[in-house]
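**Student:** Below you'll find model.txt; it's compact mmCIF, C-alpha atoms and all ligand atoms.
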# COMPACT_ATOMS: atom_id res chain seq x y z
CA MET A 9 14.91 -27.42 1.41
CA GLY A 10 16.01 -27.66 -2.22
CA ASP A 11 17.69 -25.01 -4.33
CA ASP A 12 14.37 -24.09 -5.91
CA GLY A 13 13.02 -23.18 -2.51
CA ALA A 14 15.79 -20.65 -2.03
CA ASP A 15 14.00 -18.12 -4.19
CA LEU A 16 10.97 -18.34 -1.99
CA PRO A 17 10.34 -16.59 1.29
CA VAL A 18 11.36 -18.29 4.48
CA GLY A 19 7.79 -19.41 5.07
CA HIS A 20 7.87 -21.53 1.94
CA ALA A 21 11.42 -22.78 2.12
CA VAL A 22 10.31 -26.06 3.60
CA ARG A 23 9.09 -29.37 2.16
CA VAL A 24 5.92 -28.78 0.20
CA ASP A 25 4.13 -31.83 1.64
CA HIS A 26 3.89 -30.22 5.10
CA GLU A 27 0.52 -29.17 6.45
CA PRO A 28 0.06 -25.37 6.71
CA GLN A 29 0.39 -25.55 10.52
CA GLU A 30 3.60 -27.53 10.27
CA GLN A 31 4.91 -25.10 7.65
CA ALA A 32 4.13 -22.18 9.92
CA ALA A 33 5.81 -23.90 12.87
CA GLU A 34 8.87 -24.57 10.74
CA THR A 35 8.98 -20.93 9.54
CA VAL A 36 8.71 -19.70 13.13
CA ARG A 37 11.59 -22.02 14.07
CA GLN A 38 13.68 -20.64 11.18
CA LEU A 39 12.92 -17.04 12.12
CA ARG A 40 13.94 -17.68 15.72
CA ALA A 41 17.19 -19.26 14.50
CA LEU A 42 17.88 -16.16 12.41
CA ALA A 43 17.44 -13.97 15.49
CA THR A 44 20.40 -15.68 17.23
CA PRO A 45 23.99 -14.37 16.84
CA GLY A 46 24.67 -17.25 14.42
CA GLY A 47 21.58 -16.27 12.42
CA ALA A 48 22.68 -12.64 12.32
CA ALA A 49 26.06 -13.72 10.92
CA ALA A 50 24.32 -15.88 8.30
CA LEU A 51 22.08 -12.94 7.31
CA SER A 52 25.04 -10.64 6.99
CA ARG A 53 26.90 -13.16 4.81
CA ALA A 54 23.80 -13.71 2.63
CA ALA A 55 23.42 -9.94 2.20
CA THR A 56 27.05 -9.65 1.10
CA LEU A 57 26.66 -12.43 -1.45
CA LEU A 58 23.44 -10.90 -2.77
CA ALA A 59 25.01 -7.44 -3.05
CA GLY A 60 27.91 -9.03 -4.92
CA GLY A 61 25.46 -10.35 -7.51
CA ALA A 62 25.70 -14.03 -6.59
CA ASP A 63 23.01 -16.25 -8.09
CA ALA A 64 20.85 -18.40 -5.79
CA VAL A 65 22.57 -21.70 -6.58
CA SER A 66 26.13 -20.56 -5.94
CA ALA A 67 25.15 -18.36 -2.98
CA LEU A 68 23.34 -21.26 -1.32
CA SER A 69 26.16 -23.66 -1.80
CA ARG A 70 28.60 -21.17 -0.26
CA LEU A 71 26.21 -20.35 2.57
CA ARG A 72 25.69 -24.02 3.36
CA ALA A 73 29.42 -24.52 3.59
CA GLU A 74 29.96 -21.39 5.69
CA VAL A 75 26.92 -21.13 7.99
CA GLY A 76 25.37 -24.60 7.84
CA THR A 77 22.43 -26.13 6.02
CA ASP A 78 19.90 -25.05 8.60
CA LEU A 79 20.56 -21.31 8.31
CA ALA A 80 21.63 -21.06 4.66
CA GLY A 81 18.19 -21.13 2.97
CA PRO A 82 16.35 -18.93 5.48
CA ALA A 83 19.18 -16.38 5.48
CA TRP A 84 19.17 -16.20 1.68
CA GLY A 85 15.35 -15.87 1.64
CA ILE A 86 15.41 -12.99 4.13
CA ALA A 87 18.30 -11.27 2.33
CA ARG A 88 16.18 -11.26 -0.80
CA GLN A 89 13.14 -9.85 1.01
CA ARG A 90 15.28 -7.15 2.60
CA GLN A 91 16.57 -6.14 -0.81
CA LYS A 92 12.96 -5.72 -1.99
CA ALA A 93 12.00 -3.84 1.19
CA ARG A 94 14.87 -1.33 1.07
CA PRO A 95 13.25 1.25 -1.28
CA THR A 96 10.31 1.71 1.11
CA PHE A 97 11.73 0.68 4.50
CA GLY A 98 15.12 2.37 4.05
CA ALA A 99 17.85 1.46 6.53
CA ASP A 100 15.34 -0.41 8.74
CA ALA A 101 15.00 -3.04 6.02
CA ASP A 102 18.37 -4.47 7.01
CA ARG A 103 17.19 -5.02 10.58
CA LEU A 104 13.72 -6.36 9.88
CA LEU A 105 12.48 -9.80 8.92
CA PHE A 106 9.80 -10.37 6.28
CA THR A 107 8.36 -13.31 4.42
CA GLY A 108 7.28 -12.78 0.83
CA ASP A 109 3.61 -12.65 1.87
CA THR A 110 4.06 -10.18 4.68
CA LEU A 111 6.24 -7.88 2.59
CA GLU A 112 3.68 -7.90 -0.18
CA GLN A 113 1.00 -6.89 2.32
CA ALA A 114 3.11 -4.30 4.10
CA GLY A 115 2.17 -0.64 3.90
CA ARG A 116 4.70 2.19 3.60
CA PRO A 117 6.37 3.10 6.90
CA VAL A 118 6.18 6.83 6.10
CA LEU A 119 2.39 6.53 5.87
CA ALA A 120 2.19 4.31 8.97
CA ASP A 121 4.11 7.04 10.87
CA ARG A 122 1.65 9.65 9.71
CA ARG A 123 -1.29 7.43 10.71
CA ALA A 124 0.24 6.82 14.14
CA ALA A 125 0.80 10.55 14.70
CA ARG A 126 -2.82 11.32 13.86
CA LEU A 127 -4.19 8.68 16.25
CA LEU A 128 -1.89 9.72 19.08
CA ALA A 129 -2.81 13.38 18.54
CA GLU A 130 -6.31 12.36 19.70
CA GLY A 131 -4.83 11.34 23.04
CA ALA A 132 -4.67 7.59 22.35
CA GLU A 133 -2.22 5.82 24.62
CA ALA A 134 -2.68 2.19 23.65
CA VAL A 135 -3.40 1.13 20.09
CA ALA A 136 -4.48 -2.27 18.79
CA ASP A 137 -2.89 -3.19 15.45
CA LEU A 138 -5.56 -5.56 14.17
CA GLY A 139 -3.89 -7.80 11.60
CA CYS A 140 -0.28 -6.82 12.18
CA ALA A 141 1.48 -9.04 9.55
CA ALA A 142 5.20 -8.15 9.82
CA GLY A 143 4.33 -5.19 12.03
CA THR A 144 4.62 -2.05 9.90
CA ASP A 145 1.93 -0.21 11.88
CA THR A 146 2.99 -1.71 15.20
CA LEU A 147 6.54 -0.40 14.72
CA ALA A 148 5.31 3.07 13.71
CA LEU A 149 2.93 3.24 16.68
CA ALA A 150 5.53 2.04 19.18
CA ARG A 151 8.08 4.50 17.79
CA ALA A 152 5.53 7.28 18.22
CA GLY A 153 5.27 6.31 21.91
CA ALA A 154 2.11 4.19 22.03
CA ARG A 155 1.66 0.95 23.90
CA VAL A 156 0.69 -1.50 21.16
CA VAL A 157 -1.28 -4.74 21.15
CA ALA A 158 -0.38 -6.40 17.84
CA VAL A 159 -2.96 -9.00 16.84
CA ASP A 160 -2.75 -11.65 14.17
CA ARG A 161 -4.07 -15.17 13.88
CA ASP A 162 -1.07 -16.15 11.77
CA PRO A 163 1.80 -17.44 13.96
CA VAL A 164 4.41 -16.35 11.39
CA ALA A 165 3.05 -12.79 11.43
CA ARG A 166 3.12 -12.73 15.24
CA GLU A 167 6.71 -13.98 15.34
CA LEU A 168 7.80 -11.44 12.72
CA THR A 169 6.19 -8.58 14.64
CA ARG A 170 7.76 -9.73 17.91
CA LEU A 171 11.22 -10.07 16.37
CA ASN A 172 10.94 -6.83 14.38
CA ALA A 173 9.94 -4.80 17.43
CA ALA A 174 12.89 -6.31 19.32
CA ALA A 175 15.26 -5.64 16.39
CA LEU A 176 14.35 -1.94 16.52
CA GLY A 177 14.64 -1.90 20.32
CA LEU A 178 10.97 -1.00 20.74
CA SER A 179 9.35 -1.84 24.05
CA GLY A 180 5.65 -1.72 24.90
CA VAL A 181 4.60 -4.17 22.19
CA GLU A 182 2.38 -7.07 23.20
CA VAL A 183 1.68 -9.68 20.53
CA LEU A 184 -1.67 -11.43 20.72
CA ASP A 185 -3.04 -14.53 19.01
CA ALA A 186 -6.70 -13.72 18.44
CA ASP A 187 -9.38 -13.49 15.77
CA VAL A 188 -10.01 -9.83 14.94
CA VAL A 189 -13.64 -10.61 14.12
CA ASP A 190 -14.21 -11.74 17.73
CA LEU A 191 -12.22 -8.87 19.22
CA VAL A 192 -14.22 -6.26 17.31
CA ALA A 193 -17.52 -8.02 18.09
CA SER A 194 -16.75 -7.74 21.80
CA ALA A 195 -15.35 -4.18 21.61
CA GLY A 196 -17.13 -1.56 23.66
CA HIS A 197 -16.79 1.77 25.47
CA GLY A 198 -14.49 2.98 22.68
CA ALA A 199 -11.95 0.24 23.29
CA VAL A 200 -10.83 -2.96 21.62
CA ALA A 201 -8.32 -5.53 22.91
CA GLY A 202 -7.80 -3.31 25.95
CA CYS A 203 -6.76 -0.35 23.77
CA ASP A 204 -8.36 3.06 23.32
CA ALA A 205 -7.50 3.21 19.61
CA ALA A 206 -7.08 0.81 16.71
CA VAL A 207 -5.64 0.32 13.25
CA LEU A 208 -7.34 -2.34 11.13
CA ASP A 209 -5.78 -3.49 7.88
CA PRO A 210 -7.85 -6.33 6.43
CA ALA A 211 -6.20 -8.81 4.05
CA ARG A 212 -7.65 -7.94 0.65
CA ARG A 213 -6.01 -10.76 -1.30
CA ALA A 214 -6.68 -14.47 -1.24
CA GLY A 215 -4.84 -17.11 -3.24
CA GLY A 216 -2.73 -14.39 -4.88
CA ARG A 217 -5.85 -12.60 -6.19
CA ARG A 218 -7.31 -9.27 -5.18
CA GLN A 219 -10.67 -9.58 -3.43
CA LEU A 220 -12.85 -6.84 -4.89
CA ASP A 221 -15.83 -7.63 -2.67
CA PRO A 222 -15.25 -6.13 0.82
CA ASP A 223 -17.40 -8.91 2.29
CA ARG A 224 -14.63 -11.31 1.26
CA TRP A 225 -11.81 -9.40 2.93
CA SER A 226 -10.35 -10.90 6.07
CA PRO A 227 -11.69 -9.67 8.40
CA PRO A 228 -14.77 -8.79 6.33
CA TRP A 229 -16.62 -5.51 5.82
CA SER A 230 -18.95 -6.16 8.79
CA THR A 231 -15.86 -6.04 11.04
CA VAL A 232 -14.71 -2.81 9.36
CA THR A 233 -18.01 -1.06 10.08
CA GLY A 234 -18.17 -2.70 13.52
CA LEU A 235 -14.82 -1.18 14.42
CA LEU A 236 -15.76 2.25 13.04
CA ASP A 237 -18.97 2.14 15.11
CA ARG A 238 -17.41 0.90 18.35
CA VAL A 239 -13.94 2.48 18.45
CA PRO A 240 -14.09 6.17 17.49
CA VAL A 241 -10.31 6.67 17.58
CA GLY A 242 -9.50 4.24 14.82
CA VAL A 243 -8.54 3.90 11.21
CA VAL A 244 -9.15 1.18 8.64
CA LYS A 245 -7.13 0.61 5.49
CA VAL A 246 -9.46 -0.21 2.60
CA ALA A 247 -9.13 -0.83 -1.12
CA PRO A 248 -8.58 2.37 -3.15
CA GLY A 249 -11.46 1.33 -5.40
CA LEU A 250 -13.94 1.29 -2.49
CA ASP A 251 -17.31 2.63 -3.56
CA HIS A 252 -18.10 6.04 -1.99
CA ASP A 253 -21.55 4.72 -1.11
CA ARG A 254 -19.91 2.29 1.31
CA VAL A 255 -18.32 5.05 3.40
CA PRO A 256 -20.43 5.29 6.58
CA ALA A 257 -21.88 8.66 7.57
CA GLY A 258 -19.56 10.77 9.70
CA VAL A 259 -16.50 8.81 8.58
CA GLU A 260 -13.71 10.65 6.77
CA ALA A 261 -12.38 8.81 3.72
CA GLU A 262 -8.86 9.58 2.56
CA TRP A 263 -6.99 8.56 -0.57
CA VAL A 264 -3.20 8.81 -0.55
CA SER A 265 -0.99 8.88 -3.64
CA VAL A 266 2.76 8.53 -4.00
CA GLY A 267 4.57 8.91 -7.32
CA GLY A 268 1.34 9.32 -9.27
CA SER A 269 -0.35 6.15 -7.97
CA ILE A 270 -2.83 5.64 -5.17
CA VAL A 271 -1.10 3.58 -2.50
CA GLU A 272 -3.65 3.73 0.30
CA ALA A 273 -7.25 4.48 1.10
CA LEU A 274 -8.28 5.02 4.71
CA LEU A 275 -11.51 5.31 6.65
CA TRP A 276 -11.03 7.33 9.82
CA GLY A 277 -13.14 6.69 12.92
CA ARG A 278 -15.61 9.38 13.95
CA GLY A 279 -13.37 10.44 16.83
CA VAL A 280 -10.58 11.30 14.39
CA SER A 281 -12.52 12.42 11.31
CA THR A 282 -12.34 16.14 10.68
CA THR A 283 -13.71 16.35 7.17
CA TRP A 284 -15.79 14.51 4.55
CA ARG A 285 -13.08 13.50 2.09
CA ARG A 286 -9.34 14.06 1.96
CA ALA A 287 -6.90 13.65 -0.91
CA THR A 288 -3.27 13.38 0.16
CA LEU A 289 -0.22 13.40 -2.02
CA LEU A 290 3.34 12.65 -0.95
CA ARG A 291 6.07 14.14 -3.10
CA ASP A 292 9.72 14.77 -2.26
CA GLY A 293 9.03 13.94 1.39
CA ARG A 294 6.24 16.52 1.69
CA PHE A 295 2.52 15.95 2.10
CA SER A 296 -0.09 18.06 0.29
CA GLU A 297 -3.76 17.76 1.13
CA VAL A 298 -7.12 18.82 -0.27
CA THR A 299 -10.19 18.40 1.91
CA ALA A 300 -13.92 19.12 1.70
CA ASP A 301 -16.57 19.01 4.39
CA GLY A 302 -19.21 18.01 1.85
CA ASP A 303 -19.49 16.86 -1.73
CA PRO A 304 -18.23 19.75 -3.88
CA GLY A 305 -19.87 18.25 -6.98
CA PRO A 306 -18.27 17.88 -10.39
CA ALA A 307 -16.16 20.49 -12.13
CA PRO A 308 -17.89 22.37 -14.95
CA VAL A 309 -17.36 21.12 -18.50
CA GLY A 310 -15.85 23.27 -21.24
CA ALA A 311 -13.90 23.22 -24.47
CA VAL A 312 -10.28 22.13 -24.74
CA ARG A 313 -8.13 25.22 -24.27
CA GLY A 314 -4.40 25.94 -24.42
CA TRP A 315 -3.38 23.56 -21.60
CA LEU A 316 -4.46 20.08 -20.59
CA HIS A 317 -4.10 18.99 -16.94
CA GLU A 318 -3.95 15.42 -15.73
CA PRO A 319 -5.13 15.31 -12.10
CA ASP A 320 -3.51 13.16 -9.44
CA PRO A 321 -5.45 9.90 -8.96
CA ALA A 322 -6.02 10.53 -5.22
CA LEU A 323 -7.73 13.79 -6.17
CA ILE A 324 -9.91 12.01 -8.69
CA ARG A 325 -10.86 9.09 -6.40
CA SER A 326 -11.65 11.39 -3.47
CA GLY A 327 -14.19 13.30 -5.57
CA LEU A 328 -12.40 16.59 -4.92
CA MET A 329 -11.20 17.41 -8.43
CA SER A 330 -13.58 20.34 -8.83
CA LEU A 331 -11.83 22.17 -5.96
CA VAL A 332 -8.48 22.13 -7.77
CA ALA A 333 -10.22 22.84 -11.09
CA GLY A 334 -11.69 25.95 -9.48
CA ASP A 335 -8.25 27.10 -8.29
CA LEU A 336 -6.83 26.63 -11.79
CA GLY A 337 -9.78 28.20 -13.58
CA ALA A 338 -10.01 24.87 -15.41
CA THR A 339 -12.94 22.91 -16.82
CA LEU A 340 -13.44 19.23 -17.57
CA ILE A 341 -13.02 18.35 -21.24
CA ASP A 342 -15.84 15.81 -20.89
CA PRO A 343 -18.26 15.15 -18.00
CA THR A 344 -17.06 11.55 -17.72
CA ILE A 345 -13.33 11.97 -18.32
CA ALA A 346 -10.92 13.27 -15.69
CA TYR A 347 -8.86 15.65 -17.82
CA LEU A 348 -9.00 19.36 -17.12
CA SER A 349 -8.22 22.22 -19.45
CA SER A 350 -7.42 25.89 -18.92
CA ASP A 351 -5.79 28.82 -20.71
CA GLY A 352 -2.50 28.62 -18.86
CA PRO A 353 -0.08 26.08 -17.38
CA SER A 354 -0.17 25.18 -13.70
CA THR A 355 2.45 24.61 -11.05
CA SER A 356 -0.06 22.85 -8.78
CA THR A 357 1.21 19.58 -7.28
CA TRP A 358 -2.21 18.13 -8.05
CA VAL A 359 -1.93 18.15 -11.82
CA SER A 360 0.59 17.47 -14.57
CA SER A 361 0.17 20.09 -17.30
CA TYR A 362 0.62 19.62 -21.03
CA ARG A 363 0.44 22.29 -23.72
CA VAL A 364 -2.21 21.69 -26.35
CA THR A 365 -0.89 22.28 -29.85
CA GLU A 366 -3.73 20.75 -31.82
CA VAL A 367 -7.06 19.05 -31.24
CA LEU A 368 -7.85 16.29 -33.74
CA PRO A 369 -10.80 13.93 -34.14
CA PHE A 370 -10.19 10.48 -32.63
CA ASN A 371 -8.76 8.41 -35.48
CA LEU A 372 -5.65 6.32 -34.94
CA LYS A 373 -4.80 6.06 -38.62
CA LYS A 374 -4.92 9.82 -39.12
CA LEU A 375 -3.03 10.41 -35.88
CA LYS A 376 -0.28 8.06 -37.01
CA ALA A 377 0.00 9.84 -40.36
CA HIS A 378 -0.05 13.21 -38.63
CA LEU A 379 2.79 12.25 -36.28
CA ARG A 380 4.82 10.93 -39.19
CA THR A 381 4.36 14.20 -41.12
CA ARG A 382 5.55 16.12 -38.11
CA GLY A 383 8.61 13.90 -37.72
CA VAL A 384 7.56 12.80 -34.25
CA GLY A 385 9.58 9.84 -32.96
CA ARG A 386 8.75 8.25 -29.63
CA VAL A 387 5.25 8.94 -28.39
CA VAL A 388 3.66 8.49 -24.98
CA VAL A 389 -0.07 7.99 -25.40
CA LYS A 390 -2.17 9.05 -22.45
CA LYS A 391 -5.73 7.92 -22.71
CA ARG A 392 -8.75 8.06 -20.54
CA GLY A 393 -12.24 6.86 -21.37
CA SER A 394 -10.99 5.71 -24.77
CA PRO A 395 -11.62 2.22 -26.13
CA SER A 396 -8.28 2.24 -27.98
CA SER A 397 -6.01 -0.71 -27.32
CA ARG A 398 -3.61 0.27 -30.09
CA ARG A 399 -1.20 3.13 -30.22
CA PRO A 400 1.03 4.56 -32.87
CA SER A 401 4.13 2.43 -32.99
CA PRO A 402 7.38 4.01 -31.79
CA GLY A 403 9.21 5.74 -34.60
CA SER A 404 6.04 6.35 -36.58
C1 LIG A 501 -2.97 -6.73 5.01
S1 LIG A 501 -2.21 -7.64 6.28
C2 LIG A 501 -1.67 -6.37 7.38
C3 LIG A 501 -0.46 -5.63 6.90
C4 LIG A 501 0.16 -4.69 7.91
N1 LIG A 501 -0.75 -3.66 8.36
C5 LIG A 501 1.41 -4.05 7.33
O1 LIG A 501 1.32 -2.92 6.82
O2 LIG A 501 2.46 -4.69 7.36
C6 LIG A 501 -3.56 -8.39 7.08
C7 LIG A 501 -3.20 -9.31 8.25
O3 LIG A 501 -4.40 -9.63 8.92
C8 LIG A 501 -4.34 -10.97 9.37
N2 LIG A 501 -5.74 -11.43 9.54
C9 LIG A 501 -6.65 -11.59 8.56
N3 LIG A 501 -7.83 -11.96 9.10
C10 LIG A 501 -7.65 -12.02 10.43
C11 LIG A 501 -8.50 -12.33 11.53
N4 LIG A 501 -9.78 -12.62 11.33
N5 LIG A 501 -7.97 -12.30 12.76
C12 LIG A 501 -6.66 -12.01 12.97
N6 LIG A 501 -5.82 -11.68 11.98
C13 LIG A 501 -6.30 -11.68 10.73
C14 LIG A 501 -3.58 -11.70 8.31
O4 LIG A 501 -2.98 -12.87 8.85
C15 LIG A 501 -2.55 -10.64 7.87
O5 LIG A 501 -1.35 -10.80 8.56
What's the C-alpha cells form of this structure?
Ligand SMILES: C[S@@+](CC[C@H](N)C(=O)[O-])C[C@H]1O[C@@H](n2cnc3c(N)ncnc32)[C@H](O)[C@@H]1O

**Tutor:**
Amino acid sequence: MGDDGADLPVGHAVRVDHEPQEQAAETVRQLRALATPGGAAALSRAATLLAGGADAVSALSRLRAEVGTDLAGPAWGIARQRQKARPTFGADADRLLFTGDTLEQAGRPVLADRRAARLLAEGAEAVADLGCAAGTDTLALARAGARVVAVDRDPVARELTRLNAAALGLSGVEVLDADVVDLVASAGHGAVAGCDAAVLDPARRAGGRRQLDPDRWSPPWSTVTGLLDRVPVGVVKVAPGLDHDRVPAGVEAEWVSVGGSIVEALLWGRGVSTTWRRATLLRDGRFSEVTADGDPGPAPVGAVRGWLHEPDPALIRSGLMSLVAGDLGATLIDPTIAYLSSDGPSTSTWVSSYRVTEVLPFNLKKLKAHLRTRGVGRVVVKKRGSPSSRRPSPGS
C-alpha cells in the first residue's frame, strides 16, 4: 500500500492490480487484524494523530514505525471514516468499522432506530436486513431486541456487520452470504430468510453514479415489489424522487427530512402501513408527522399576501402540502410552484416564513438596481420554477 492509498478506505488500500475478489479478501483480512488488541491500539493511535491534525504522509510514517506496516494504512483509513461518521453515528462511530463505500451508503442510525421500533411494534421477532452493508439497520434492530439475519453478497459488508455487532456487544445477529433476489423470490407465508419481518435497502448507486431507474437498483424494483407482496411486516428504502405512480396499492409511502433536506423515502409493507402518505421531519431530536389516508389534492391558488412560506421538502414530496396550507390559511402562489402565502407569519415546523415587502415583476436587471437603491448588501436568492441561473452579485 502506497501513501496515496492512505486516503482511501480500507477496501481500496491494496494494490490496484488485484482482482475484486482478492481485494475483498485482503480488506476482510485487514478488518480482522484491526479487530485484534494490536489493531485496536493502532486505531487509537491513528485517531490521536488525526485529531492532532496530522497529514496523511506524516501520520502514516509514524504509524508504520509505531504499529507496523500491516496495520498502519488500514488504521489510518478507518480513523478517517470514523471522523466522517461521527456527526451521524455519534459516540458509536469510534467503535464501528466502515469502508468509504459502506459509509456513503449508510443511513442515519436515529432513523434506523425508528424503523426498527415500528417493525417490532407489529410483533416481529426476527428481522432480515436485506443488503446490510456496514450494518446500520442490523445494529438498530438488534439493539431494539430483534433477532437479525443480516444478508449481503459482499464479503466486506458481511465482515463489517459481524465486527460492528460484536463491537457494540450485540448478540442475536446472524450474517448470511446470499443473493437477496433469490431470498425474496423464495419468500412465503410472510417470511423471508427465516424471519417474520424485513428491511430492504437496495443499492441505488453504481460506479459512483445515482441510478434513477428503479429497475437498475440492486436488488431491482421487481424484488422491492416482491418483498412488499410477500412479507407484510417489512419496509423498503427507496429513492426520494420515486414516482408516486410506482407506490403499490395499500403501501404507505413516507418521506423523511432532516435539516431541510429529504434524507430517506420508505415504502412500508401492508402489515405495517397505517396511512396513504406520511411526511416526517426530524428537528432538534423530535419527530413531527403529517399523514393522509387519501390524496388530499393540491392547495388552492391565490395572490401573494403579506407572508411567503417555504414548505419542508418532505411535505412537498409526500403530496401533503395542502393539509399544512389549510392549517395556515395559506394558498399557493402558483399551481406549479411550491411556495405558499398567507396574511400572517407561521410558527409551523413545516414551513419557513418570510415577510413580503414588495412584489416585483421577474427581471434580474431591475431587481439588481432595486437592491442597490435600497442599500441591500448580501442577498440569498430562493428560487423555484424559475429559469434563472444568475443572481444579483453580493454587494450589489
Ligand atoms: C444501500 S446498501 C445498504 C445500506 C445499509 N442499509 C446501511 O444503512 O448501512 C445496499 C447493500 O446491498 C447489497 N446488495 C446489493 N444487491 C444485493 C443482492 N442482490 N444480494 C445481496 N446483497 C446485495 C450491497 O452489497 C450493499 O451492501

**Student:** Report the closest atom pair, with its distance in Å rounded to one decimal, for each residue of chain A that has an atom no farther than 7 Å from ligand LIG 501 (chain A); count all atoms listed in the file, sort by chain and then rising residue number, and write it as a Markdown table.

**Tutor:**
| residue | atom | partner | partner_atom | distance |
| --- | --- | --- | --- | --- |
| A:Thr110 | CA | A:LIG501 | O2 | 6.3 |
| A:Leu111 | CA | A:LIG501 | O2 | 6.9 |
| A:Gln113 | CA | A:LIG501 | C1 | 4.8 |
| A:Ala114 | CA | A:LIG501 | O2 | 3.3 |
| A:Gly115 | CA | A:LIG501 | O1 | 3.8 |
| A:Arg116 | CA | A:LIG501 | O1 | 6.9 |
| A:Leu138 | CA | A:LIG501 | N6 | 6.5 |
| A:Gly139 | CA | A:LIG501 | O3 | 3.3 |
| A:Cys140 | CA | A:LIG501 | C4 | 4.8 |
| A:Ala141 | CA | A:LIG501 | O5 | 3.5 |
| A:Ala142 | CA | A:LIG501 | O2 | 5.1 |
| A:Gly143 | CA | A:LIG501 | O2 | 5.1 |
| A:Thr144 | CA | A:LIG501 | O2 | 4.3 |
| A:Asp145 | CA | A:LIG501 | N1 | 5.6 |
| A:Val159 | CA | A:LIG501 | C12 | 6.1 |
| A:Asp160 | CA | A:LIG501 | N6 | 3.8 |
| A:Arg161 | CA | A:LIG501 | C12 | 4.2 |
| A:Asp162 | CA | A:LIG501 | O4 | 4.8 |
| A:Ala165 | CA | A:LIG501 | O5 | 5.6 |
| A:Ala186 | CA | A:LIG501 | C12 | 5.7 |
| A:Asp187 | CA | A:LIG501 | N5 | 3.5 |
| A:Val188 | CA | A:LIG501 | N5 | 3.9 |
| A:Val189 | CA | A:LIG501 | N4 | 5.2 |
| A:Asp209 | CA | A:LIG501 | C2 | 5.0 |
| A:Pro210 | CA | A:LIG501 | C6 | 4.8 |
| A:Ala211 | CA | A:LIG501 | C1 | 4.0 |
| A:Arg212 | CA | A:LIG501 | C1 | 6.5 |
| A:Ser226 | CA | A:LIG501 | N3 | 4.1 |
| A:Pro227 | CA | A:LIG501 | N3 | 4.5 |

**Student:** With distances taken over all atoms listed in the file, which of A:Asp137, A:Glu260, A:Asp100, A:Asp301 is nearest to Ser281 in chain A?

**Tutor:** A:Glu260

**Student:** (8.8, -11.4, 18.5) in this file's frame - what residues fall within 10 Å of it? Use only C-alpha atoms and give the answer as JSON, numbers by chain.

**Tutor:** {"A": [36, 39, 40, 43, 142, 164, 165, 166, 167, 168, 169, 170, 171, 172, 173, 174, 175, 181, 182, 183]}

**Student:** Listing only residues of range 95-138 of chain A within 10 Å of range 190-203 of chain A, what is the closest atom pair and its distance in Å (to one decimal) for each, using all atoms listed in the file, sorted by chain and residue number ascending, as a Markdown table?

**Tutor:**
| residue | atom | partner | partner_atom | distance |
| --- | --- | --- | --- | --- |
| A:Ala132 | CA | A:Cys203 | CA | 8.3 |
| A:Glu133 | CA | A:Cys203 | CA | 7.7 |
| A:Ala134 | CA | A:Cys203 | CA | 4.8 |
| A:Val135 | CA | A:Cys203 | CA | 5.2 |
| A:Ala136 | CA | A:Cys203 | CA | 5.8 |
| A:Asp137 | CA | A:Ala201 | CA | 9.5 |
| A:Leu138 | CA | A:Leu191 | CA | 9.0 |

**Student:** Choose the residue, out of A:Arg363, A:His252, A:Arg224, A:Arg278, that has the smallest atom-to-atom separation from Arg238 in chain A; count only C-alpha atoms.

**Tutor:** A:Arg278

**Student:** I need the residue nearest Gly153 in chain A from this list: A:Ser179, A:Thr233, A:Ser356, A:Ser326. Use only C-alpha atoms for the distance.

**Tutor:**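 Among the listed residues, A:Ser179 lies closest to Gly153 in chain A.
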
**Student:** Please list as number ranges by chain every residue within 10 Å of range 313-317 of chain A, counting all atoms listed in the file and excluding residues in the same chain fewer than 6 positions away.

**Tutor:** A: 333, 336, 338-341, 346-354, 356, 358-367

**Student:** Report, in Å to a single decimal, how far apart CA of Ala311 in chain A and CA of Asp342 in chain A are.

**Tutor:**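 So the answer is 8.5 Å.
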
**Student:** Hey, can you check how far CA of Arg94 in chain A sits from CA of Pro28 in chain A?

**Tutor:**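 One can read the CA of Arg94 in chain A to CA of Pro28 in chain A distance as 28.8 Å.
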
**Student:** Have a look at CA of Trp263 in chain A and CA of Lys245 in chain A and let me know their distance in Å, one decimal.

**Tutor:**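 Between CA of Trp263 in chain A and CA of Lys245 in chain A the gap is 10.0 Å.
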
**Student:** Missing atoms in range 43-49 of chain A: can you complete it with N, CA, C and O atoms, as a PDB file, in the coordinates of the input?

**Tutor:**
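Contents of result16.pdb, freshly written:
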ATOM      1  N   ALA A  43      17.309 -15.038  14.489  1.00  0.00           N
ATOM      2  CA  ALA A  43      17.440 -13.970  15.490  1.00  0.00           C
ATOM      3  C   ALA A  43      18.559 -14.252  16.491  1.00  0.00           C
ATOM      4  O   ALA A  43      18.799 -13.444  17.385  1.00  0.00           O
ATOM      5  N   THR A  44      19.257 -15.368  16.351  1.00  0.00           N
ATOM      6  CA  THR A  44      20.400 -15.680  17.230  1.00  0.00           C
ATOM      7  C   THR A  44      21.660 -15.023  16.639  1.00  0.00           C
ATOM      8  O   THR A  44      21.657 -14.617  15.470  1.00  0.00           O
ATOM      9  N   PRO A  45      22.742 -14.935  17.411  1.00  0.00           N
ATOM     10  CA  PRO A  45      23.990 -14.370  16.840  1.00  0.00           C
ATOM     11  C   PRO A  45      24.445 -15.130  15.597  1.00  0.00           C
ATOM     12  O   PRO A  45      24.881 -14.521  14.617  1.00  0.00           O
ATOM     13  N   GLY A  46      24.295 -16.466  15.600  1.00  0.00           N
ATOM     14  CA  GLY A  46      24.670 -17.250  14.420  1.00  0.00           C
ATOM     15  C   GLY A  46      23.799 -16.886  13.231  1.00  0.00           C
ATOM     16  O   GLY A  46      24.281 -16.783  12.087  1.00  0.00           O
ATOM     17  N   GLY A  47      22.499 -16.654  13.491  1.00  0.00           N
ATOM     18  CA  GLY A  47      21.580 -16.270  12.420  1.00  0.00           C
ATOM     19  C   GLY A  47      21.946 -14.895  11.866  1.00  0.00           C
ATOM     20  O   GLY A  47      21.895 -14.668  10.648  1.00  0.00           O
ATOM     21  N   ALA A  48      22.306 -13.987  12.766  1.00  0.00           N
ATOM     22  CA  ALA A  48      22.680 -12.640  12.320  1.00  0.00           C
ATOM     23  C   ALA A  48      23.910 -12.712  11.403  1.00  0.00           C
ATOM     24  O   ALA A  48      23.981 -12.015  10.380  1.00  0.00           O
ATOM     25  N   ALA A  49      24.860 -13.584  11.756  1.00  0.00           N
ATOM     26  CA  ALA A  49      26.060 -13.720  10.920  1.00  0.00           C
ATOM     27  C   ALA A  49      25.686 -14.313   9.557  1.00  0.00           C
ATOM     28  O   ALA A  49      26.201 -13.875   8.511  1.00  0.00           O
TER      29      ALA A  49
END
